[in-house]
Amino acid sequence: MKYSVDKNGYYGRFGGAYVPEILQKNVENLKQNYERIINEPSFQKEFNTLLRDYVGRPSPLYFAQRLSEVIGAKIYLKREDLNHTGAHKINNTVGQILLAKQMGKTRIIAETGAGQHGVATATVCALMNLQCIVYMGELDVNRQYLNVQKMRMLGATVIPVTSGNKTLKDATNEAIRDWCNNPTDTFYIIGSVVGPHPYPDMVARFQSVISDEIQLQLQEKEGRNYPDYLIACVGGGSNAIGTYFNYLDDKRVKIISAEAAGLGVDTGETAATIQIGTEGVIHGSRTLLMQTDDGQIIEPYSISAGLDYPGIGPVHAHLAKTGRCEVLAITDDEALDAAFELTKLEGIIPAIESAHALGALHKIAFKPSDVVVLTVSGRGDKDMPTYLEYFKK
Ligand SMILES: *Cc1c(COP(=O)(O)O)cnc(C)c1O
């Protein structure tokens, strides 16, 4: 496959494994073993059984009739919001915890921003009876009280990070520091297609179940296994690459990624990494990131905590730079309007992240016969305070 990663972990110029000396053996060990382990029939069997019986897969591919009429194309929603814990992130944490167990690791660490990946990690650690430590910026700990309490109830230790801006980037730095101090017994579960090789490829493979199911479900519903358009939101890019995975080399399929424009791409209050980012190294890989001329990370802003990240998975940097995907930046207001529209038309309250993908629907000139698959990455329960705020206006 043309778009798969090369043996050094690169997608074109992007990717690689930029880690401190002390972690090199660890990352190398993972790189040498991950493909073999996750392709073993016994691993696949356990992974697929958990996806079915624990996560609740396959997630439905739902034909959204009323939304289709408004947009003027055949819109199918891939319902990752119906998974256990309410989003796609659980697909990846189930995969990584099985890998950690296979590799004999006894201690799990993770970073989290809004807490969604932290909850998904704490969930699988409870399931597998493994120790779980979640690093979270102090600001986020205060903002995401419910998720912090969920993680604690699930048995995880949540460590508030007080360095830097006290948000996701700082939590990630702290998790990497922990990993450096505990390289032998600890497995670092990364929450998106970011980080040093082999994480981006590994996470993409675990999330590719989304794409596998779309092929089967479209065949059943449309008599062909590919759509004309795929649309997903991109924070780090894991639900997006999971959606695109089997179609990257299929030129019949147009790929649209929605990133968070925040208040607007040119306002300085944005998380539109692909539009305004430049090349650099962040959290272990070479990619596009929001940085000043002298390489200081620019703090991102989006109404959506899940899209509020200054980098982007290296595969998405490559897809964007080679023109394979089109990137649309969706503002806070456009996402909010799209969330209310979906709710009124279909009775589905989406996550505010997913609402950015929905916002993109209004910016594309579809033909009525176009078959569109849009991934609803998560449900909106966690975003009710944000939605209620908007309701008051
Ligand atoms: C975390 C999250 C995202 C963003 O992460 P990706 O890796 O870009 O998929 C999107 N939607 C939801 C619901 C999330 O929880």
# chains A, B, ... in the order shown; residues from 1 in each chain; ligands from 1
>>> residues_near_ligand(ligand="ligand 1", cutoff="7 Å", atoms="only C-alpha atoms and all ligand atoms", output="JSON, numbers by chain")
{"A": [87, 88, 89, 116, 117, 191, 192, 193, 233, 234, 235, 236, 237, 238, 239, 240, 306, 307, 351, 353, 354, 377, 378, 379]}
>>> select_by_dssp(residues="range 52-275 of chain A", states="strand (DSSP E)", output="PyMOL selection string")
chain A and resi 61-63+74-79+107-112+131-137+157-161+186-188+229-233+254-262
>>> write_last_selection(atoms="C-alpha atoms", output="mmCIF file, in the first residue's frame")
data_model
loop_
_atom_site.group_PDB
_atom_site.id
_atom_site.type_symbol
_atom_site.label_atom_id
_atom_site.label_comp_id
_atom_site.auth_asym_id
_atom_site.auth_seq_id
_atom_site.Cartn_x
_atom_site.Cartn_y
_atom_site.Cartn_z
ATOM 1 C CA LEU A 61 -23.572 2.905 9.541
ATOM 2 C CA TYR A 62 -26.714 4.996 9.681
ATOM 3 C CA PHE A 63 -28.370 6.583 6.645
ATOM 4 C CA LYS A 74 -26.674 10.642 0.546
ATOM 5 C CA ILE A 75 -25.183 11.075 4.008
ATOM 6 C CA TYR A 76 -24.246 8.041 6.068
ATOM 7 C CA LEU A 77 -23.064 8.478 9.652
ATOM 8 C CA LYS A 78 -20.516 6.051 11.091
ATOM 9 C CA ARG A 79 -21.701 5.881 14.678
ATOM 10 C CA ARG A 107 2.295 -0.398 34.688
ATOM 11 C CA ILE A 108 0.298 1.768 32.261
ATOM 12 C CA ILE A 109 0.721 5.503 31.773
ATOM 13 C CA ALA A 110 -1.251 7.881 29.587
ATOM 14 C CA GLU A 111 -1.708 11.575 28.901
ATOM 15 C CA THR A 112 -5.089 13.211 28.559
ATOM 16 C CA GLN A 131 -1.966 -0.167 37.392
ATOM 17 C CA CYS A 132 -2.934 3.081 35.625
ATOM 18 C CA ILE A 133 -1.407 6.548 35.942
ATOM 19 C CA VAL A 134 -2.908 9.397 33.946
ATOM 20 C CA TYR A 135 -1.136 12.746 33.489
ATOM 21 C CA MET A 136 -3.462 15.677 33.029
ATOM 22 C CA GLY A 137 -2.824 19.425 32.997
ATOM 23 C CA THR A 157 -4.266 7.713 39.679
ATOM 24 C CA VAL A 158 -4.713 11.128 38.079
ATOM 25 C CA ILE A 159 -1.630 13.320 38.389
ATOM 26 C CA PRO A 160 -2.266 17.050 37.814
ATOM 27 C CA VAL A 161 0.561 18.675 35.829
ATOM 28 C CA THR A 186 5.859 0.691 31.915
ATOM 29 C CA PHE A 187 3.781 0.848 28.729
ATOM 30 C CA TYR A 188 2.779 4.290 27.454
ATOM 31 C CA TYR A 229 -16.576 11.170 0.063
ATOM 32 C CA LEU A 230 -15.179 10.403 3.484
ATOM 33 C CA ILE A 231 -15.321 13.120 6.134
ATOM 34 C CA ALA A 232 -13.854 13.149 9.650
ATOM 35 C CA CYS A 233 -12.588 15.626 12.218
ATOM 36 C CA LYS A 254 -12.429 12.047 -1.950
ATOM 37 C CA ILE A 255 -11.127 12.595 1.565
ATOM 38 C CA ILE A 256 -12.077 15.672 3.602
ATOM 39 C CA SER A 257 -10.518 16.413 6.998
ATOM 40 C CA ALA A 258 -12.096 19.004 9.278
ATOM 41 C CA GLU A 259 -9.786 20.783 11.680
ATOM 42 C CA ALA A 260 -10.718 23.300 14.344
ATOM 43 C CA ALA A 261 -10.459 26.939 13.256
ATOM 44 C CA GLY A 262 -11.474 28.167 16.723
#
>>> residues_around(residues="Thr331 in chain A", least_positions_apart="6", cutoff="12 Å", atoms="only C-alpha atoms", output="list of chain:residue names")
A:Ala258, A:Glu259, A:Ala260, A:Ala261, A:Gly262, A:Leu263, A:Gly264, A:Val265, A:Asp266, A:Thr267, A:Glu269, A:Thr270, A:Ala271, A:Ala272, A:Tyr301, A:Ser302, A:Ile303, A:Ser304, A:Leu307, A:Asp337, A:Ala338, A:Ile352, A:Glu353, A:Ala355, A:His356, A:Ala357, A:Leu358, A:Gly359, A:Ala360
>>> atom_distance(atom1="CA of Lys166 in chain A", atom2="CA of Glu138 in chain A")
5.2 Å
>>> residues_around(residues="range 207-216 of chain A", least_positions_apart="3", cutoff="10 Å", atoms="only C-alpha atoms", output="PyMOL selection string")
chain A and resi 48+51+57-61+76-80+88-93+95+192-193+201-204+219-221+223-227+238-247+373+375
>>> write_last_selection(atoms="N, CA and C atoms", output="tab-separated table (two decimals), in the first residue's frame")
chain	number	residue	atom	x	y	z
A	48	ASN	N	-10.63	-8.80	18.56
A	48	ASN	CA	-11.94	-8.73	17.89
A	48	ASN	C	-13.09	-9.14	18.80
A	51	LEU	N	-13.70	-6.12	20.95
A	51	LEU	CA	-14.36	-5.07	20.18
A	51	LEU	C	-15.85	-5.37	20.03
A	57	ARG	N	-19.03	-3.36	18.98
A	57	ARG	CA	-18.90	-3.28	17.52
A	57	ARG	C	-19.61	-4.46	16.83
A	58	PRO	N	-19.91	-4.32	15.55
A	58	PRO	CA	-19.67	-3.15	14.71
A	58	PRO	C	-20.58	-1.98	15.09
A	59	SER	N	-20.06	-0.77	14.96
A	59	SER	CA	-20.91	0.40	15.17
A	59	SER	C	-21.76	0.57	13.90
A	60	PRO	N	-23.00	1.03	14.05
A	60	PRO	CA	-23.87	1.13	12.88
A	60	PRO	C	-23.37	2.15	11.85
A	61	LEU	N	-23.69	1.89	10.59
A	61	LEU	CA	-23.57	2.91	9.54
A	61	LEU	C	-25.01	3.34	9.27
A	76	TYR	N	-24.29	9.13	5.09
A	76	TYR	CA	-24.25	8.04	6.07
A	76	TYR	C	-23.38	8.46	7.25
A	77	LEU	N	-23.84	8.16	8.46
A	77	LEU	CA	-23.06	8.48	9.65
A	77	LEU	C	-22.47	7.20	10.23
A	78	LYS	N	-21.16	7.18	10.43
A	78	LYS	CA	-20.52	6.05	11.09
A	78	LYS	C	-20.54	6.35	12.59
A	79	ARG	N	-21.30	5.51	13.33
A	79	ARG	CA	-21.70	5.88	14.68
A	79	ARG	C	-20.71	5.44	15.76
A	80	GLU	N	-19.53	6.03	15.78
A	80	GLU	CA	-18.57	5.74	16.85
A	80	GLU	C	-19.03	6.27	18.20
A	88	HIS	N	-14.57	6.81	19.76
A	88	HIS	CA	-13.71	5.85	19.07
A	88	HIS	C	-12.47	5.49	19.88
A	89	LYS	N	-12.13	6.27	20.90
A	89	LYS	CA	-10.83	6.09	21.56
A	89	LYS	C	-10.65	4.70	22.17
A	90	ILE	N	-11.75	4.08	22.55
A	90	ILE	CA	-11.69	2.76	23.18
A	90	ILE	C	-11.13	1.69	22.22
A	91	ASN	N	-11.34	1.83	20.91
A	91	ASN	CA	-10.80	0.86	19.95
A	91	ASN	C	-9.28	0.74	20.14
A	92	ASN	N	-8.65	1.89	20.26
A	92	ASN	CA	-7.19	1.96	20.39
A	92	ASN	C	-6.70	1.51	21.76
A	93	THR	N	-7.40	1.89	22.82
A	93	THR	CA	-6.90	1.51	24.16
A	93	THR	C	-7.05	0.00	24.38
A	95	GLY	N	-6.69	-2.23	22.02
A	95	GLY	CA	-5.55	-2.80	21.28
A	95	GLY	C	-4.24	-2.64	22.04
A	192	SER	N	-3.65	9.06	20.27
A	192	SER	CA	-4.00	9.41	18.90
A	192	SER	C	-2.87	8.94	17.97
A	193	VAL	N	-2.97	9.26	16.67
A	193	VAL	CA	-1.93	8.80	15.73
A	193	VAL	C	-0.73	9.74	15.76
A	201	ASP	N	1.51	4.38	13.42
A	201	ASP	CA	1.08	3.25	12.61
A	201	ASP	C	0.25	2.25	13.43
A	202	MET	N	0.70	2.04	14.67
A	202	MET	CA	0.01	1.11	15.56
A	202	MET	C	-1.43	1.57	15.84
A	203	VAL	N	-1.57	2.84	16.18
A	203	VAL	CA	-2.90	3.39	16.49
A	203	VAL	C	-3.77	3.36	15.24
A	204	ALA	N	-3.19	3.68	14.09
A	204	ALA	CA	-3.95	3.64	12.83
A	204	ALA	C	-4.49	2.23	12.59
A	219	GLN	N	-21.20	-1.97	1.17
A	219	GLN	CA	-21.50	-3.03	0.20
A	219	GLN	C	-22.95	-3.48	0.37
A	220	GLU	N	-23.33	-3.65	1.62
A	220	GLU	CA	-24.68	-4.10	1.94
A	220	GLU	C	-25.73	-3.05	1.57
A	221	LYS	N	-25.45	-1.78	1.84
A	221	LYS	CA	-26.46	-0.74	1.68
A	221	LYS	C	-26.47	-0.10	0.30
A	223	GLY	N	-24.43	-1.47	-2.46
A	223	GLY	CA	-24.01	-2.38	-3.52
A	223	GLY	C	-22.60	-2.09	-4.03
A	224	ARG	N	-21.87	-1.22	-3.36
A	224	ARG	CA	-20.44	-1.01	-3.64
A	224	ARG	C	-19.75	-0.65	-2.34
A	225	ASN	N	-18.47	-1.02	-2.25
A	225	ASN	CA	-17.85	-0.92	-0.93
A	225	ASN	C	-17.08	0.38	-0.69
A	226	TYR	N	-17.28	1.37	-1.57
A	226	TYR	CA	-16.59	2.64	-1.37
A	226	TYR	C	-17.58	3.80	-1.50
A	227	PRO	N	-17.31	4.90	-0.79
A	227	PRO	CA	-18.15	6.09	-0.93
A	227	PRO	C	-17.51	7.07	-1.92
A	238	SER	N	-6.83	10.25	14.89
A	238	SER	CA	-7.02	8.80	14.95
A	238	SER	C	-8.37	8.33	14.42
A	239	ASN	N	-9.46	9.07	14.70
A	239	ASN	CA	-10.74	8.62	14.12
A	239	ASN	C	-10.72	8.84	12.61
A	240	ALA	N	-10.02	9.89	12.18
A	240	ALA	CA	-9.93	10.17	10.74
A	240	ALA	C	-9.16	9.07	10.02
A	241	ILE	N	-7.98	8.71	10.50
A	241	ILE	CA	-7.21	7.70	9.77
A	241	ILE	C	-7.90	6.34	9.86
A	242	GLY	N	-8.58	6.07	10.97
A	242	GLY	CA	-9.35	4.83	11.07
A	242	GLY	C	-10.44	4.78	10.02
A	243	THR	N	-11.03	5.92	9.72
A	243	THR	CA	-12.07	6.02	8.69
A	243	THR	C	-11.48	5.86	7.29
A	244	TYR	N	-10.34	6.50	7.04
A	244	TYR	CA	-9.75	6.53	5.69
A	244	TYR	C	-8.97	5.28	5.33
A	245	PHE	N	-8.54	4.52	6.33
A	245	PHE	CA	-7.47	3.52	6.22
A	245	PHE	C	-7.48	2.69	4.94
A	246	ASN	N	-8.61	2.07	4.60
A	246	ASN	CA	-8.65	1.17	3.44
A	246	ASN	C	-8.85	1.91	2.12
A	247	TYR	N	-9.00	3.22	2.19
A	247	TYR	CA	-9.33	3.98	0.98
A	247	TYR	C	-8.22	4.94	0.55
A	373	VAL	N	-19.75	9.29	3.58
A	373	VAL	CA	-19.66	8.69	4.91
A	373	VAL	C	-18.93	9.65	5.84
A	375	THR	N	-17.81	10.30	9.85
A	375	THR	CA	-17.66	9.63	11.14
A	375	THR	C	-18.06	10.55	12.29
>>> residues_around(residues="Leu50 in chain A", least_positions_apart="3", cutoff="12 Å", atoms="only C-alpha atoms", output="list of chain:residue names")
A:Phe43, A:Gln44, A:Lys45, A:Glu46, A:Phe47, A:Asp53, A:Tyr54, A:Val55, A:Gly56, A:Arg57, A:Pro58, A:Asn83, A:His84, A:Ile90, A:Asn91, A:Asn92, A:Thr93, A:Val94, A:Gly95, A:Ile97, A:Leu98, A:Val124, A:Leu127, A:Met128
>>> residues_around(residues="Asp228 in chain A", least_positions_apart="2", cutoff="7 Å", atoms="only C-alpha atoms", output="list in words")
Tyr226, Arg252, Val253, Lys254, Asp370, Val371 and Val372 of chain A
>>> residues_around(residues="range 317-322 of chain A", least_positions_apart="4", cutoff="7 Å", atoms="only C-alpha atoms", output="list in words")
Tyr11, Gly12, Phe14, Ile274, Thr287, Leu288, Ile312, Gly313, Glu326 and Val327 of chain A
>>> closest_residue(among="A:Lys105, A:Pro368, A:Asp308, A:Leu342", to="Asn182 in chain A", atoms="only C-alpha atoms")
A:Lys105
>>> closest_residue(among="A:His283, A:Gly72, A:Lys251, A:Gly155", to="Glu174 in chain A", atoms="only C-alpha atoms")
A:His283
>>> atom_distance(atom1="CA of Gln149 in chain A", atom2="CA of Ala120 in chain A")
13.2 Å
>>> select_by_dssp(residues="range 122-246 of chain A", states="alpha helix (DSSP H)", output="VMD selection string")
chain A and resid 122 to 128 138 to 143 145 to 153 168 to 181 199 to 207 209 to 222 238 to 244
>>> closest_residue(among="A:Val70, A:Ala335, A:Ala17, A:Val5", to="Val281 in chain A", atoms="only C-alpha atoms")
A:Ala17
>>> atom_distance(atom1="CA of Glu346 in chain A", atom2="CA of Leu67 in chain A")
7.1 Å
>>> decode(residues="range 312-345 of chain A", atoms="N, CA, C and O atoms", output="mmCIF file, in the first residue's frame")
data_model
loop_
_atom_site.group_PDB
_atom_site.id
_atom_site.type_symbol
_atom_site.label_atom_id
_atom_site.label_comp_id
_atom_site.auth_asym_id
_atom_site.auth_seq_id
_atom_site.Cartn_x
_atom_site.Cartn_y
_atom_site.Cartn_z
ATOM 1 N N ILE A 312 -0.193 17.490 14.818
ATOM 2 C CA ILE A 312 -1.081 16.678 14.002
ATOM 3 C C ILE A 312 -0.341 15.378 13.700
ATOM 4 O O ILE A 312 0.878 15.388 13.618
ATOM 5 N N GLY A 313 -1.047 14.268 13.574
ATOM 6 C CA GLY A 313 -0.370 13.017 13.241
ATOM 7 C C GLY A 313 0.414 13.163 11.940
ATOM 8 O O GLY A 313 -0.057 13.808 11.010
ATOM 9 N N PRO A 314 1.611 12.562 11.878
ATOM 10 C CA PRO A 314 2.444 12.719 10.682
ATOM 11 C C PRO A 314 1.769 12.242 9.395
ATOM 12 O O PRO A 314 1.993 12.829 8.333
ATOM 13 N N VAL A 315 0.923 11.233 9.486
ATOM 14 C CA VAL A 315 0.250 10.757 8.273
ATOM 15 C C VAL A 315 -0.669 11.845 7.717
ATOM 16 O O VAL A 315 -0.803 12.007 6.501
ATOM 17 N N HIS A 316 -1.270 12.623 8.613
ATOM 18 C CA HIS A 316 -2.169 13.689 8.143
ATOM 19 C C HIS A 316 -1.393 14.856 7.539
ATOM 20 O O HIS A 316 -1.868 15.492 6.592
ATOM 21 N N ALA A 317 -0.217 15.129 8.085
ATOM 22 C CA ALA A 317 0.645 16.155 7.477
ATOM 23 C C ALA A 317 0.965 15.729 6.042
ATOM 24 O O ALA A 317 0.898 16.530 5.098
ATOM 25 N N HIS A 318 1.263 14.451 5.870
ATOM 26 C CA HIS A 318 1.609 13.924 4.553
ATOM 27 C C HIS A 318 0.398 13.940 3.604
ATOM 28 O O HIS A 318 0.506 14.377 2.452
ATOM 29 N N LEU A 319 -0.744 13.477 4.084
ATOM 30 C CA LEU A 319 -1.954 13.464 3.245
ATOM 31 C C LEU A 319 -2.308 14.876 2.776
ATOM 32 O O LEU A 319 -2.699 15.083 1.633
ATOM 33 N N ALA A 320 -2.137 15.843 3.671
ATOM 34 C CA ALA A 320 -2.471 17.230 3.322
ATOM 35 C C ALA A 320 -1.450 17.802 2.340
ATOM 36 O O ALA A 320 -1.821 18.403 1.324
ATOM 37 N N LYS A 321 -0.169 17.588 2.610
ATOM 38 C CA LYS A 321 0.874 18.182 1.759
ATOM 39 C C LYS A 321 0.918 17.568 0.367
ATOM 40 O O LYS A 321 1.349 18.210 -0.590
ATOM 41 N N THR A 322 0.496 16.301 0.247
ATOM 42 C CA THR A 322 0.496 15.657 -1.073
ATOM 43 C C THR A 322 -0.830 15.864 -1.800
ATOM 44 O O THR A 322 -0.997 15.408 -2.930
ATOM 45 N N GLY A 323 -1.769 16.542 -1.147
ATOM 46 C CA GLY A 323 -3.049 16.818 -1.792
ATOM 47 C C GLY A 323 -4.015 15.641 -1.772
ATOM 48 O O GLY A 323 -5.071 15.700 -2.396
ATOM 49 N N ARG A 324 -3.659 14.555 -1.074
ATOM 50 C CA ARG A 324 -4.589 13.415 -1.040
ATOM 51 C C ARG A 324 -5.857 13.760 -0.265
ATOM 52 O O ARG A 324 -6.922 13.248 -0.551
ATOM 53 N N CYS A 325 -5.706 14.592 0.751
ATOM 54 C CA CYS A 325 -6.929 15.000 1.443
ATOM 55 C C CYS A 325 -7.087 16.507 1.360
ATOM 56 O O CYS A 325 -6.108 17.249 1.231
ATOM 57 N N GLU A 326 -8.328 16.934 1.392
ATOM 58 C CA GLU A 326 -8.623 18.361 1.443
ATOM 59 C C GLU A 326 -8.912 18.696 2.898
ATOM 60 O O GLU A 326 -9.598 17.941 3.586
ATOM 61 N N VAL A 327 -8.369 19.819 3.362
ATOM 62 C CA VAL A 327 -8.543 20.179 4.762
ATOM 63 C C VAL A 327 -9.406 21.428 4.865
ATOM 64 O O VAL A 327 -9.111 22.450 4.231
ATOM 65 N N LEU A 328 -10.493 21.332 5.620
ATOM 66 C CA LEU A 328 -11.358 22.475 5.835
ATOM 67 C C LEU A 328 -11.264 22.879 7.306
ATOM 68 O O LEU A 328 -11.303 22.024 8.187
ATOM 69 N N ALA A 329 -11.123 24.171 7.546
ATOM 70 C CA ALA A 329 -11.067 24.653 8.926
ATOM 71 C C ALA A 329 -12.458 25.132 9.320
ATOM 72 O O ALA A 329 -13.054 25.973 8.642
ATOM 73 N N ILE A 330 -12.992 24.579 10.386
ATOM 74 C CA ILE A 330 -14.366 24.856 10.819
ATOM 75 C C ILE A 330 -14.313 25.639 12.134
ATOM 76 O O ILE A 330 -13.674 25.213 13.097
ATOM 77 N N THR A 331 -15.008 26.773 12.159
ATOM 78 C CA THR A 331 -14.963 27.617 13.360
ATOM 79 C C THR A 331 -15.852 27.045 14.473
ATOM 80 O O THR A 331 -16.719 26.198 14.231
ATOM 81 N N ASP A 332 -15.651 27.570 15.676
ATOM 82 C CA ASP A 332 -16.498 27.206 16.818
ATOM 83 C C ASP A 332 -17.972 27.357 16.457
ATOM 84 O O ASP A 332 -18.786 26.456 16.714
ATOM 85 N N ASP A 333 -18.329 28.499 15.890
ATOM 86 C CA ASP A 333 -19.737 28.773 15.601
ATOM 87 C C ASP A 333 -20.298 27.825 14.554
ATOM 88 O O ASP A 333 -21.444 27.364 14.674
ATOM 89 N N GLU A 334 -19.489 27.533 13.537
ATOM 90 C CA GLU A 334 -19.952 26.589 12.502
ATOM 91 C C GLU A 334 -20.179 25.201 13.096
ATOM 92 O O GLU A 334 -21.143 24.512 12.748
ATOM 93 N N ALA A 335 -19.292 24.807 14.012
ATOM 94 C CA ALA A 335 -19.443 23.488 14.648
ATOM 95 C C ALA A 335 -20.682 23.456 15.540
ATOM 96 O O ALA A 335 -21.441 22.483 15.533
ATOM 97 N N LEU A 336 -20.902 24.524 16.300
ATOM 98 C CA LEU A 336 -22.075 24.579 17.171
ATOM 99 C C LEU A 336 -23.362 24.519 16.355
ATOM 100 O O LEU A 336 -24.284 23.766 16.685
ATOM 101 N N ASP A 337 -23.420 25.289 15.259
ATOM 102 C CA ASP A 337 -24.610 25.250 14.399
ATOM 103 C C ASP A 337 -24.844 23.837 13.876
ATOM 104 O O ASP A 337 -25.981 23.354 13.848
ATOM 105 N N ALA A 338 -23.772 23.180 13.471
ATOM 106 C CA ALA A 338 -23.886 21.827 12.910
ATOM 107 C C ALA A 338 -24.345 20.829 13.979
ATOM 108 O O ALA A 338 -25.111 19.904 13.686
ATOM 109 N N ALA A 339 -23.898 21.020 15.214
ATOM 110 C CA ALA A 339 -24.313 20.126 16.303
ATOM 111 C C ALA A 339 -25.815 20.259 16.555
ATOM 112 O O ALA A 339 -26.527 19.256 16.712
ATOM 113 N N PHE A 340 -26.309 21.485 16.567
ATOM 114 C CA PHE A 340 -27.746 21.696 16.782
ATOM 115 C C PHE A 340 -28.554 21.203 15.587
ATOM 116 O O PHE A 340 -29.642 20.653 15.751
ATOM 117 N N GLU A 341 -28.006 21.364 14.387
ATOM 118 C CA GLU A 341 -28.696 20.894 13.192
ATOM 119 C C GLU A 341 -28.872 19.367 13.226
ATOM 120 O O GLU A 341 -29.967 18.853 12.993
ATOM 121 N N LEU A 342 -27.785 18.647 13.544
ATOM 122 C CA LEU A 342 -27.880 17.179 13.594
ATOM 123 C C LEU A 342 -28.870 16.745 14.666
ATOM 124 O O LEU A 342 -29.666 15.817 14.467
ATOM 125 N N THR A 343 -28.826 17.420 15.799
ATOM 126 C CA THR A 343 -29.716 17.070 16.905
ATOM 127 C C THR A 343 -31.177 17.222 16.499
ATOM 128 O O THR A 343 -32.006 16.341 16.728
ATOM 129 N N LYS A 344 -31.498 18.337 15.841
ATOM 130 C CA LYS A 344 -32.887 18.606 15.456
ATOM 131 C C LYS A 344 -33.354 17.694 14.338
ATOM 132 O O LYS A 344 -34.496 17.253 14.317
ATOM 133 N N LEU A 345 -32.449 17.399 13.374
ATOM 134 C CA LEU A 345 -32.851 16.609 12.213
ATOM 135 C C LEU A 345 -32.872 15.113 12.483
ATOM 136 O O LEU A 345 -33.688 14.381 11.929
#
